[in-house]
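Text of structure_5.cif (mmCIF, C-alpha atoms) as supplied:
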```cif
data_input
#
loop_
_atom_site.group_PDB
_atom_site.id
_atom_site.type_symbol
_atom_site.label_atom_id
_atom_site.label_comp_id
_atom_site.auth_asym_id
_atom_site.auth_seq_id
_atom_site.Cartn_x
_atom_site.Cartn_y
_atom_site.Cartn_z
ATOM 1 C CA LEU I 13 -21.812 -10.781 19.650
ATOM 2 C CA PRO I 14 -22.520 -12.979 16.646
ATOM 3 C CA GLU I 15 -23.091 -16.691 17.236
ATOM 4 C CA SER I 16 -19.726 -17.389 15.544
ATOM 5 C CA ALA I 17 -17.950 -15.979 18.631
ATOM 6 C CA ARG I 18 -19.001 -18.992 20.746
ATOM 7 C CA PHE I 19 -16.511 -21.811 21.101
ATOM 8 C CA ARG I 20 -17.910 -25.135 22.292
ATOM 9 C CA SER I 21 -15.631 -27.908 23.520
ATOM 10 C CA GLY I 22 -17.230 -30.811 25.309
ATOM 11 C CA GLU I 23 -19.505 -29.314 27.920
ATOM 12 C CA GLU I 24 -17.731 -25.927 27.975
ATOM 13 C CA THR I 25 -18.673 -22.856 25.993
ATOM 14 C CA ASN I 26 -16.187 -19.999 25.892
ATOM 15 C CA LEU I 27 -15.120 -16.905 23.993
ATOM 16 C CA TYR I 28 -11.646 -15.941 22.870
ATOM 17 C CA ARG I 29 -10.660 -12.392 23.708
ATOM 18 C CA VAL I 30 -7.740 -10.402 22.341
ATOM 19 C CA ARG I 31 -5.989 -7.925 24.615
ATOM 20 C CA GLU I 32 -2.658 -6.247 23.872
ATOM 21 C CA GLY I 33 -1.965 -8.776 21.101
ATOM 22 C CA PHE I 34 -2.597 -11.866 23.247
ATOM 23 C CA PHE I 35 -5.462 -14.327 22.938
ATOM 24 C CA LYS I 36 -7.178 -15.885 25.951
ATOM 25 C CA ARG I 37 -10.106 -18.269 26.230
ATOM 26 C CA VAL I 38 -12.592 -16.837 28.743
ATOM 27 C CA ASP I 39 -15.738 -17.925 30.529
ATOM 28 C CA PHE I 40 -18.866 -15.821 30.196
ATOM 29 C CA THR I 41 -22.487 -15.564 31.226
ATOM 30 C CA GLN I 42 -25.039 -14.912 28.510
ATOM 31 C CA ILE I 43 -27.396 -12.139 29.577
ATOM 32 C CA LYS I 44 -29.421 -11.598 26.392
ATOM 33 C CA ARG I 45 -30.004 -13.312 23.052
ATOM 34 C CA ASP I 46 -31.941 -12.663 19.880
ATOM 35 C CA GLU I 47 -32.106 -14.398 16.490
ATOM 36 C CA LYS I 48 -28.596 -13.451 15.382
ATOM 37 C CA ASN I 49 -26.629 -12.161 18.374
ATOM 38 C CA PHE I 50 -26.059 -12.580 22.070
ATOM 39 C CA THR I 51 -24.854 -10.320 24.881
ATOM 40 C CA VAL I 52 -22.507 -11.467 27.613
ATOM 41 C CA THR I 53 -20.863 -10.447 30.836
ATOM 42 C CA SER I 54 -17.542 -11.789 32.102
ATOM 43 C CA LYS I 55 -15.056 -10.916 34.816
ATOM 44 C CA ASP I 56 -12.354 -11.587 32.178
ATOM 45 C CA LEU I 57 -13.526 -8.853 29.783
ATOM 46 C CA LYS I 58 -12.901 -5.133 29.951
ATOM 47 C CA ALA I 59 -13.392 -2.113 27.714
ATOM 48 C CA GLY I 60 -11.143 -2.282 24.669
ATOM 49 C CA ASP I 61 -10.981 -6.073 24.502
ATOM 50 C CA GLU I 62 -11.722 -7.621 21.127
ATOM 51 C CA ILE I 63 -13.651 -10.874 20.697
ATOM 52 C CA VAL I 64 -12.619 -13.425 18.077
ATOM 53 C CA ILE I 65 -15.484 -14.229 15.694
ATOM 54 C CA ALA I 66 -13.696 -16.245 12.969
ATOM 55 C CA GLY I 67 -10.980 -18.894 12.891
ATOM 56 C CA ILE I 68 -11.683 -20.044 16.438
ATOM 57 C CA GLY I 69 -11.003 -23.700 15.590
ATOM 58 C CA TYR I 70 -7.472 -22.825 14.453
ATOM 59 C CA LEU I 71 -6.944 -20.748 17.566
ATOM 60 C CA ARG I 72 -7.963 -23.708 19.738
ATOM 61 C CA ILE I 73 -5.532 -26.003 17.887
ATOM 62 C CA ALA I 74 -2.730 -23.488 18.501
ATOM 63 C CA GLU I 75 -3.681 -23.334 22.176
ATOM 64 C CA ILE I 76 -3.592 -27.126 22.523
ATOM 65 C CA THR I 77 -0.248 -27.302 20.715
ATOM 66 C CA ALA I 78 1.288 -24.538 22.835
ATOM 67 C CA PHE I 79 0.185 -26.002 26.147
ATOM 68 C CA GLY I 80 0.555 -29.702 25.360
ATOM 69 C CA GLY I 81 -3.072 -30.747 25.742
ATOM 70 C CA ASN I 82 -6.578 -29.549 26.371
ATOM 71 C CA ALA I 83 -8.210 -28.474 29.598
ATOM 72 C CA GLU I 84 -8.961 -32.066 30.585
ATOM 73 C CA GLY I 85 -5.278 -32.985 30.260
ATOM 74 C CA HIS I 86 -5.831 -35.335 27.330
ATOM 75 C CA SER I 87 -3.803 -34.905 24.146
ATOM 76 C CA HIS I 88 -2.979 -37.043 21.082
#
```

Using the file provided, produce a representation of the structure as structure tokens.
Amino acid sequence: LPESARFRSGEETNLYRVREGFFKRVDFTQIKRDEKNFTVTSKDLKAGDEIVIAGIGYLRIAEITAFGGNAEGHSH
């Protein structure tokens, strides 16, 4: 995956996957990295899933708006 697929928020680093038209923030373990890309494994990924590589900030804002706050339960 390109580096742009990583989403960092506080101490967490996640990916956003797309499956059947729905987005979900998922945890992952990096298993390989080179100058431009990285390879991951995750129990939340399966064949056919797509990974978001652009517009992740907007996706996070939509997630916070939809669920009324972030993972730590703090919202403005």

| message | Quick check on the file I pasted: which residues fall under the PyMOL selection byres ((chain I and resi 21) around 12)? Write them as a VMD selection string. | response | chain I and resid 18 to 20 22 to 27 37 68 to 69 72 to 73 82 to 84

| Separation of CA of Val64 (chain I) and CA of Glu32 (chain I), in Å? |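 If I compute the distance from CA of Val64 (chain I) to CA of Glu32 (chain I), I get 13.6 Å.
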
| said: If we count only C-alpha atoms and set the cut-off at 10 Å, which residues sit around Arg29 (chain I), ignoring sequence neighbours fewer than 2 positions away in its own chain? Please answer as a list of chain:residue names. | reply: I:Ala17, I:Asn26, I:Leu27, I:Arg31, I:Gly33, I:Phe34, I:Phe35, I:Lys36, I:Arg37, I:Val38, I:Asp56, I:Leu57, I:Lys58, I:Asp61, I:Glu62, I:Ile63, I:Val64, I:Ile65

| Which residue gives the smallest distance to Ile43 (chain I) among I:Leu13, I:Phe79, I:Ala74, I:Gly67, with all atoms listed in the file counted? |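 Of I:Leu13, I:Phe79, I:Ala74, I:Gly67, the one nearest Ile43 (chain I), counting all atoms listed in the file, is I:Leu13.
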
Please enclose the listed atoms of region 61-78 of chain I in an axis-aligned box, pad each side by 6 Å, and write out the centre and the three edge lengths in Å, rounded to one decimal, as lines of an AutoDock Vina configuration file.
```
center_x = -7.1
center_y = -16.7
center_z = 18.7
size_x = 28.8
size_y = 33.2
size_z = 23.6
```

| What is the distance, in Å and to one decimal place, between CA of Arg45 (chain I) and CA of Glu15 (chain I)? | 9.6 Å

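For the atom pair formed by CA of Thr53 (chain I) and CA of Tyr70 (chain I), the distance is 24.5 Å, given to one decimal.
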
| request: Rank I:Gly60, I:Thr41, I:Lys48, I:Lys55 by their smallest atom-to-atom distance to Pro14 (chain I), using only C-alpha atoms, and report the top residue only. | output: I:Lys48

| Selected residue, from I:Tyr28, I:Ser54, I:Ser16, I:Ile76, that lies nearest to Phe40 (chain I) when counting all atoms listed in the file |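 Comparing I:Tyr28, I:Ser54, I:Ser16, I:Ile76 against Phe40 (chain I), the winner is I:Ser54.
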